[in-house]
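Participant: Just input18.cif, nothing more (mmCIF, C-alpha atoms (C1' of nucleotides)):
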data_data
#
loop_
_atom_site.label_atom_id
_atom_site.label_comp_id
_atom_site.auth_asym_id
_atom_site.auth_seq_id
_atom_site.Cartn_x
_atom_site.Cartn_y
_atom_site.Cartn_z
CA MET A 1 -23.01 19.06 -3.02
CA ARG A 2 -24.12 22.00 -5.03
CA VAL A 3 -22.67 25.45 -4.68
CA LYS A 4 -25.03 26.69 -1.97
CA GLN A 5 -24.46 23.66 0.20
CA ILE A 6 -20.68 23.88 0.14
CA ALA A 7 -20.81 27.64 0.64
CA ASP A 8 -23.09 27.29 3.67
CA ALA A 9 -20.98 24.45 5.06
CA LEU A 10 -17.85 26.61 5.08
CA ASP A 11 -19.67 29.83 5.84
CA ILE A 12 -18.75 31.79 2.76
CA SER A 13 -20.80 33.23 -0.07
CA VAL A 14 -21.79 31.29 -3.14
CA ASP A 15 -20.13 33.99 -5.18
CA THR A 16 -16.79 33.29 -3.57
CA VAL A 17 -17.10 29.58 -4.30
CA ARG A 18 -18.06 30.40 -7.85
CA TYR A 19 -15.10 32.74 -8.15
CA TYR A 20 -12.64 30.08 -6.99
CA THR A 21 -14.26 27.68 -9.41
CA ARG A 22 -14.07 30.13 -12.25
CA ILE A 23 -10.35 30.65 -11.82
CA GLY A 24 -9.73 26.93 -11.59
CA LEU A 25 -8.93 26.55 -7.90
CA LEU A 26 -11.90 24.24 -7.60
CA VAL A 27 -12.89 21.76 -10.30
CA PRO A 28 -16.36 20.38 -9.56
CA ASN A 29 -18.25 17.82 -11.64
CA ARG A 30 -20.91 18.98 -14.02
CA SER A 31 -24.29 17.31 -14.08
CA HIS A 32 -26.60 16.96 -17.08
CA ASN A 33 -28.35 20.25 -16.30
CA GLY A 34 -25.12 22.22 -16.11
CA TYR A 35 -25.06 22.47 -12.33
CA LYS A 36 -21.71 22.08 -10.61
CA TYR A 37 -21.37 19.32 -8.07
CA TYR A 38 -18.68 19.44 -5.37
CA ARG A 39 -17.26 16.27 -3.81
CA PRO A 40 -15.67 15.78 -0.37
CA ALA A 41 -12.22 16.31 -1.89
CA ASP A 42 -13.41 19.73 -3.06
CA VAL A 43 -14.43 20.55 0.49
CA THR A 44 -10.93 19.71 1.70
CA ARG A 45 -9.51 21.81 -1.08
CA LEU A 46 -11.77 24.75 -0.33
CA ARG A 47 -10.97 24.56 3.36
CA PHE A 48 -7.30 24.68 2.42
CA ILE A 49 -7.88 27.68 0.19
CA LEU A 50 -9.60 29.58 2.99
CA SER A 51 -6.82 28.77 5.46
CA ALA A 52 -4.22 29.96 3.01
CA ARG A 53 -6.15 33.15 2.25
CA SER A 54 -6.34 33.95 5.95
CA LEU A 55 -2.57 33.62 6.11
CA GLY A 56 -2.15 36.26 3.44
CA PHE A 57 -1.51 34.09 0.40
CA SER A 58 -2.91 35.40 -2.88
CA VAL A 59 -5.09 33.23 -5.04
CA ASN A 60 -2.20 32.92 -7.45
CA ASP A 61 0.03 31.75 -4.62
CA ILE A 62 -2.58 29.16 -3.79
CA LYS A 63 -2.76 28.04 -7.38
CA GLU A 64 1.00 27.61 -7.38
CA ILE A 65 0.92 25.68 -4.12
CA LEU A 66 -1.80 23.39 -5.41
CA VAL A 67 0.07 22.70 -8.63
CA THR A 68 3.30 22.01 -6.73
CA SER A 69 1.49 19.77 -4.34
CA SER A 70 0.03 17.70 -7.15
CA GLN A 71 3.30 17.45 -9.07
CA THR A 72 5.98 16.96 -6.46
CA ASN A 73 6.12 15.46 -3.05
CA ALA A 74 6.03 18.42 -0.70
CA PRO A 75 4.66 21.89 -1.41
CA CYS A 76 6.31 23.12 1.79
CA PRO A 77 9.38 24.78 0.24
CA THR A 78 7.08 26.75 -2.04
CA VAL A 79 4.91 27.70 0.91
CA ARG A 80 7.89 28.86 2.95
CA ARG A 81 9.23 30.92 0.08
CA LEU A 82 5.87 32.53 -0.63
CA ILE A 83 4.99 33.46 2.92
CA GLU A 84 8.33 35.18 3.34
CA LYS A 85 7.54 37.35 0.35
CA ARG A 86 3.98 38.06 1.48
CA LEU A 87 5.08 38.82 5.01
CA LYS A 88 7.47 41.47 3.74
CA GLU A 89 4.68 43.05 1.74
CA THR A 90 2.36 42.91 4.71
CA GLU A 91 4.91 44.61 6.96
CA GLN A 92 5.22 47.35 4.36
CA ARG A 93 1.51 47.82 3.97
CA TYR A 94 1.07 47.79 7.71
CA GLN A 95 3.65 50.54 7.99
CA ASP A 96 1.93 52.52 5.22
CA MET A 97 -1.42 52.13 6.96
CA HIS A 98 0.11 53.32 10.17
CA GLU A 99 1.43 56.47 8.54
CA LEU A 100 -1.86 57.09 6.78
CA ARG A 101 -3.74 56.73 10.04
CA GLU A 102 -1.41 59.20 11.72
CA ARG A 103 -1.85 61.72 8.91
CA MET A 104 -5.62 61.36 9.04
CA ARG A 105 -5.75 61.73 12.80
CA LEU A 106 -3.48 64.74 12.71
CA ALA A 107 -5.60 66.32 10.00
CA THR A 108 -8.88 65.84 11.83
CA SER A 109 -7.48 67.26 15.04
CA GLU A 110 -5.88 70.18 13.23
CA TRP A 111 -9.14 70.94 11.43
CA GLN A 112 -11.07 71.23 14.69
CA ASN A 113 -9.76 74.74 15.16
CA LYS A 114 -10.12 75.84 11.55
CA PRO A 115 -13.20 77.51 10.09
CA ASP A 116 -14.93 76.60 6.86
CA GLN A 117 -13.82 78.74 3.96
CA PRO A 118 -15.02 79.11 0.39
CA PRO A 119 -12.65 78.12 -2.41
CA THR A 120 -10.42 80.77 -3.97
CA ALA A 121 -8.64 81.06 -7.30
CA ASP A 122 -5.81 78.76 -6.22
CA THR A 123 -7.25 76.68 -3.42
CA ILE A 124 -10.13 74.24 -3.63
CA CYS A 125 -10.31 73.33 0.04
CA HIS A 126 -8.03 75.21 2.40
CA LEU A 127 -8.31 72.40 4.96
CA ILE A 128 -6.74 69.84 2.65
CA GLU A 129 -4.33 72.08 0.82
CA GLY A 130 -3.26 73.81 4.00
CA PHE A 131 -2.70 70.68 6.02
CA THR A 132 0.75 71.04 7.51
CA ALA A 133 1.86 67.42 7.27
CA LEU A 134 1.63 67.62 3.49
CA LYS A 135 4.19 70.38 3.24
CA SER A 136 7.32 68.34 2.78
CA MET B 1 1.07 71.53 -20.86
CA ARG B 2 0.69 68.09 -22.28
CA VAL B 3 0.26 64.99 -20.20
CA LYS B 4 3.93 64.18 -19.80
CA GLN B 5 4.80 67.68 -18.69
CA ILE B 6 2.17 67.87 -15.99
CA ALA B 7 2.99 64.35 -14.85
CA ASP B 8 6.70 65.15 -14.56
CA ALA B 9 5.97 68.45 -12.82
CA LEU B 10 4.04 66.71 -10.05
CA ASP B 11 6.17 63.57 -10.10
CA ILE B 12 3.50 61.06 -10.97
CA SER B 13 3.02 58.78 -13.95
CA VAL B 14 1.33 59.82 -17.16
CA ASP B 15 -1.01 56.91 -16.67
CA THR B 16 -2.24 58.31 -13.39
CA VAL B 17 -2.90 61.70 -14.99
CA ARG B 18 -4.72 59.97 -17.80
CA TYR B 19 -6.75 57.95 -15.32
CA TYR B 20 -7.88 61.05 -13.44
CA THR B 21 -8.73 62.63 -16.76
CA ARG B 22 -10.63 59.61 -17.89
CA ILE B 23 -12.85 59.59 -14.83
CA GLY B 24 -13.48 63.32 -15.13
CA LEU B 25 -11.43 64.65 -12.23
CA LEU B 26 -9.39 66.63 -14.72
CA VAL B 27 -10.88 68.27 -17.78
CA PRO B 28 -8.09 69.41 -20.11
CA ASN B 29 -8.52 71.19 -23.42
CA ARG B 30 -8.28 69.23 -26.64
CA SER B 31 -6.11 70.48 -29.48
CA HIS B 32 -6.69 69.89 -33.18
CA ASN B 33 -4.64 66.68 -33.16
CA GLY B 34 -6.56 65.17 -30.25
CA TYR B 35 -3.88 65.81 -27.64
CA LYS B 36 -4.98 66.94 -24.21
CA TYR B 37 -3.67 70.25 -22.95
CA TYR B 38 -3.59 71.05 -19.25
CA ARG B 39 -3.76 74.63 -17.94
CA PRO B 40 -2.45 76.10 -14.68
CA ALA B 41 -5.88 75.59 -13.09
CA ASP B 42 -5.54 71.90 -13.89
CA VAL B 43 -2.21 71.84 -12.08
CA THR B 44 -3.85 73.32 -8.99
CA ARG B 45 -6.60 70.80 -9.30
CA LEU B 46 -4.23 67.87 -9.72
CA ARG B 47 -2.16 69.01 -6.77
CA PHE B 48 -5.36 69.09 -4.73
CA ILE B 49 -6.26 65.59 -5.90
CA LEU B 50 -2.88 64.26 -4.83
CA SER B 51 -3.12 65.90 -1.42
CA ALA B 52 -6.55 64.46 -0.89
CA ARG B 53 -5.46 60.99 -2.01
CA SER B 54 -2.58 61.08 0.47
CA LEU B 55 -5.11 61.84 3.20
CA GLY B 56 -7.05 58.71 2.36
CA PHE B 57 -9.88 60.16 0.31
CA SER B 58 -11.13 57.97 -2.52
CA VAL B 59 -11.39 59.31 -6.03
CA ASN B 60 -15.15 59.35 -5.63
CA ASP B 61 -14.78 61.39 -2.45
CA ILE B 62 -12.64 63.80 -4.39
CA LYS B 63 -15.18 64.01 -7.14
CA GLU B 64 -17.82 64.85 -4.56
CA ILE B 65 -15.62 67.46 -2.94
CA LEU B 66 -14.88 69.08 -6.28
CA VAL B 67 -18.55 69.19 -7.21
CA THR B 68 -19.50 70.64 -3.83
CA SER B 69 -16.75 73.20 -4.09
CA SER B 70 -17.94 74.35 -7.48
CA GLN B 71 -21.59 74.51 -6.48
CA THR B 72 -21.65 75.87 -2.96
CA ASN B 73 -19.46 78.12 -0.96
CA ALA B 74 -17.41 75.84 1.22
CA PRO B 75 -16.63 72.17 0.62
CA CYS B 76 -15.36 71.91 4.20
CA PRO B 77 -18.44 70.27 5.78
CA THR B 78 -18.27 67.58 3.10
CA VAL B 79 -14.58 67.13 3.72
CA ARG B 80 -15.06 66.81 7.46
CA ARG B 81 -17.85 64.29 7.02
CA LEU B 82 -15.88 62.20 4.54
CA ILE B 83 -12.64 62.03 6.46
CA GLU B 84 -14.45 60.83 9.54
CA LYS B 85 -15.84 57.93 7.53
CA ARG B 86 -12.51 57.14 5.90
CA LEU B 87 -10.66 57.36 9.17
CA LYS B 88 -12.95 54.75 10.69
CA GLU B 89 -12.29 52.46 7.74
CA THR B 90 -8.58 53.07 8.01
CA GLU B 91 -8.55 52.21 11.70
CA GLN B 92 -10.35 48.98 10.86
CA ARG B 93 -8.02 48.06 8.05
CA TYR B 94 -5.05 48.92 10.20
CA GLN B 95 -6.35 46.58 12.88
CA ASP B 96 -6.93 43.84 10.30
CA MET B 97 -3.42 44.30 8.94
CA HIS B 98 -2.06 44.05 12.44
CA GLU B 99 -3.81 40.75 13.04
CA LEU B 100 -2.75 39.40 9.69
CA ARG B 101 0.85 40.33 10.40
CA GLU B 102 0.69 38.57 13.75
CA ARG B 103 -0.74 35.43 12.18
CA MET B 104 1.92 35.42 9.49
CA ARG B 105 4.73 35.95 11.96
CA LEU B 106 3.42 33.24 14.22
CA ALA B 107 3.10 30.85 11.30
CA THR B 108 6.65 31.42 10.05
CA SER B 109 8.11 30.96 13.49
CA GLU B 110 6.03 27.87 14.13
CA TRP B 111 7.09 26.40 10.79
CA GLN B 112 10.78 26.71 11.63
CA ASN B 113 10.58 23.54 13.67
CA LYS B 114 8.37 21.60 11.30
CA PRO B 115 9.65 19.32 8.54
CA ASP B 116 8.43 19.26 4.96
CA GLN B 117 5.82 16.60 4.35
CA PRO B 118 4.13 15.28 1.22
CA PRO B 119 0.39 15.80 0.86
CA THR B 120 -1.97 13.09 2.05
CA ALA B 121 -5.55 12.20 1.23
CA ASP B 122 -6.99 14.92 3.40
CA THR B 123 -4.21 17.47 3.74
CA ILE B 124 -2.65 19.49 0.95
CA CYS B 125 0.00 21.23 3.02
CA HIS B 126 0.30 20.23 6.65
CA LEU B 127 2.03 23.51 7.46
CA ILE B 128 -0.98 25.58 6.47
CA GLU B 129 -3.73 23.21 7.53
CA GLY B 130 -1.99 22.41 10.79
CA PHE B 131 -1.29 25.98 11.76
CA THR B 132 -2.54 26.33 15.31
CA ALA B 133 -3.84 29.88 15.12
CA LEU B 134 -6.37 28.80 12.50
CA LYS B 135 -8.01 26.31 14.80
CA SER B 136 -10.74 28.41 16.31
"C1'" DT C 1 -52.63 17.97 -14.18
"C1'" DG C 2 -51.49 22.54 -13.72
"C1'" DT C 3 -49.54 26.38 -11.43
"C1'" DT C 4 -47.78 29.32 -8.15
"C1'" DG C 5 -43.82 30.78 -5.71
"C1'" DA C 6 -39.56 30.16 -3.25
"C1'" DC C 7 -35.18 29.13 -4.09
"C1'" DC C 8 -31.39 28.02 -6.75
"C1'" DT C 9 -28.32 28.17 -10.99
"C1'" DG C 10 -24.51 30.02 -14.27
"C1'" DT C 11 -22.75 33.76 -16.76
"C1'" DG C 12 -21.31 38.44 -17.52
"C1'" DA C 13 -20.29 42.74 -15.87
"C1'" DG C 14 -18.71 45.97 -12.31
"C1'" DC C 15 -15.84 47.80 -8.44
"C1'" DG C 16 -11.08 50.95 -7.25
"C1'" DG C 17 -7.02 52.78 -8.59
"C1'" DC C 18 -4.20 52.42 -11.24
"C1'" DT C 19 -0.74 49.94 -14.87
"C1'" DC C 20 0.48 47.92 -19.24
"C1'" DA C 21 0.38 47.01 -24.33
"C1'" DC C 22 0.05 48.84 -28.57
"C1'" DA C 23 -0.61 51.21 -32.90
"C1'" DG C 24 0.16 55.35 -34.62
"C1'" DG C 25 1.41 60.59 -34.42
"C1'" DT C 26 5.15 64.27 -33.61
"C1'" DT C 27 9.57 66.13 -33.19
"C1'" DT C 28 14.45 66.44 -33.79
"C1'" DA C 29 18.76 65.36 -36.12
"C1'" DT C 30 20.87 64.29 -40.09
"C1'" DA D 1 13.80 63.09 -47.14
"C1'" DT D 2 14.28 60.01 -43.61
"C1'" DA D 3 15.37 57.79 -39.60
"C1'" DA D 4 15.07 57.40 -34.68
"C1'" DA D 5 13.47 58.89 -30.34
"C1'" DC D 6 9.76 60.17 -27.98
"C1'" DC D 7 5.14 61.07 -27.21
"C1'" DT D 8 0.00 60.28 -27.77
"C1'" DG D 9 -4.80 58.19 -26.74
"C1'" DT D 10 -7.46 54.17 -26.25
"C1'" DG D 11 -8.56 49.64 -24.63
"C1'" DA D 12 -7.64 45.96 -21.81
"C1'" DG D 13 -5.78 43.84 -17.63
"C1'" DC D 14 -4.90 43.40 -12.63
"C1'" DC D 15 -7.00 41.39 -7.73
"C1'" DG D 16 -10.63 39.32 -5.10
"C1'" DC D 17 -14.50 39.31 -4.93
"C1'" DT D 18 -19.72 41.19 -5.43
"C1'" DC D 19 -23.90 42.22 -7.89
"C1'" DA D 20 -27.53 41.91 -11.53
"C1'" DC D 21 -30.14 39.12 -14.13
"C1'" DA D 22 -32.51 35.74 -16.90
"C1'" DG D 23 -33.79 31.37 -16.53
"C1'" DG D 24 -33.97 26.46 -14.24
"C1'" DT D 25 -35.70 23.31 -10.33
"C1'" DC D 26 -38.70 21.63 -6.97
"C1'" DA D 27 -42.15 21.13 -3.33
"C1'" DA D 28 -46.84 22.46 -2.06
"C1'" DC D 29 -51.23 23.14 -3.21
"C1'" DA D 30 -55.66 23.34 -6.34
#
Could you write out this file's structure as structure tokens?

Facilitator:
Amino acid sequence: MRVKQIADALDISVDTVRYYTRIGLLVPNRSHNGYKYYRPADVTRLRFILSARSLGFSVNDIKEILVTSSQTNAPCPTVRRLIEKRLKETEQRYQDMHELRERMRLATSEWQNKPDQPPTADTICHLIEGFTALKS
Amino acid sequence: MRVKQIADALDISVDTVRYYTRIGLLVPNRSHNGYKYYRPADVTRLRFILSARSLGFSVNDIKEILVTSSQTNAPCPTVRRLIEKRLKETEQRYQDMHELRERMRLATSEWQNKPDQPPTADTICHLIEGFTALKS
DNA sequence: TGTTGACCTGTGAGCGGCTCACAGGTTTAT
DNA sequence: ATAAACCTGTGAGCCGCTCACAGGTCAACA
């Protein structure tokens, strides 16, 4: 299979396949004309990559898992260790997003009742600089 | 003020100040030895940048707001338009983060009862590939 | 046999928002 | 005078793609 075929088969862009190939997650054959040819094993591998991505693993995590899996018997301990780490990060980012969303919502509602004003010597936009939730 | 002073004053890294300077959000003076010197107006400006960042505006948004504010009377219409857009994106990303977190939590709990297994011909890690929530 | 045109290819660069590495300049203490 | 601490700007690197682009391939038609 060439890049377009494998990309279409798994419903992702050719650029994503090329990216994974470029960083060594996929290692296709090369034909005489320089084209990359993907075998069934590469499809399995790519499917695995996509599953892992959708579980929050980074491409470096995936690289590590693939190396472990080819060197030792079970990559599972690595996988368990990594997801714990990534889950913690995700919880944190989720929390941060929540707070950001609250700030943004509060700002928009607060700004409903405020008029437009031109900038002054020490304020650029009174909406932003005067937003109460920023005054710690 | 030189870069370290302004960075310390607003409790951010010198690299961040330098980044904002590099992309033209801040325009300090240059002294004979090539050092950048920041004036009180730059402090106001940087404080504004930080407020806007914490409300979810991108640096490009901020650039646009600053330009508008220096060209027209009130940047407020621009600000209102931009935050609406960013808020929508934030809601979406928040939702995505929520789903990701759920998937990760479900996976970890499901994996508690599963043993480690070596890879086979068509599975790299049975935990990831066999995770139920991925089977659409 | 030639040629048009659709489609496909790989490579290199770009994105955002910083962060890091590094060679060299400046300041302070001796 | 000199050593050490600290500061400087510039360039490159990070992640996970995405885009631009010049050129290659291939089937259909003249």

Participant: Leaving out DC20 in chain C and any residue of its chain fewer than 2 positions from it, which residues lie within 10 Å of it when counting all atoms listed in the file, given as a ChimeraX atom specification?

Facilitator: /B:15 /C:22 /D:12-14

Participant: Once the PyMOL selection byres ((chain B) within 10 of (chain D)) has been applied to the shown file, what residues remain in the selection, as a PyMOL selection string?

Facilitator: chain B and resi 2-4+18+33-36

Participant: Dump as a PyMOL selection string the residues of chain A that approach chain B to within 8 Å, counting all atoms listed in the file.

Facilitator: chain A and resi 41+44-45+48+51-52+54-56+66+69+73-77+80+83-84+87+90-91+93-94+97-98+100-101+103-105+108+116-119+122-125+127-129+134

Participant: Report as an NGL selection string the full result of the PyMOL selection byres ((chain C) within 10 of (chain B)) when it is applied to this structure.

Facilitator: :C and (16-20 or 25)

Participant: Using all atoms listed in the file - which residues lie no farther than 9 Å from the point (-24.2, 14.1, -3.1) in the file's frame? Write them as a PyMOL selection string.

Facilitator: chain A and resi 1-2+37-39

Participant: So the first atom is CA of Lys63 in chain A and the second is CA of Leu106 in chain B; what is the distance between them in Å, to one decimal place?

Facilitator: 23.1 Å

Participant: Please compute the CA of Leu10 in chain A-CA of Asp42 in chain A distance, one decimal, in Å.

Facilitator: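 The value is 11.5 Å.
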
Participant: Hey, can you check how far C1' of DT27 in chain C sits from CA of Ala9 in chain B?

Facilitator: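 It comes out at 20.8 Å.
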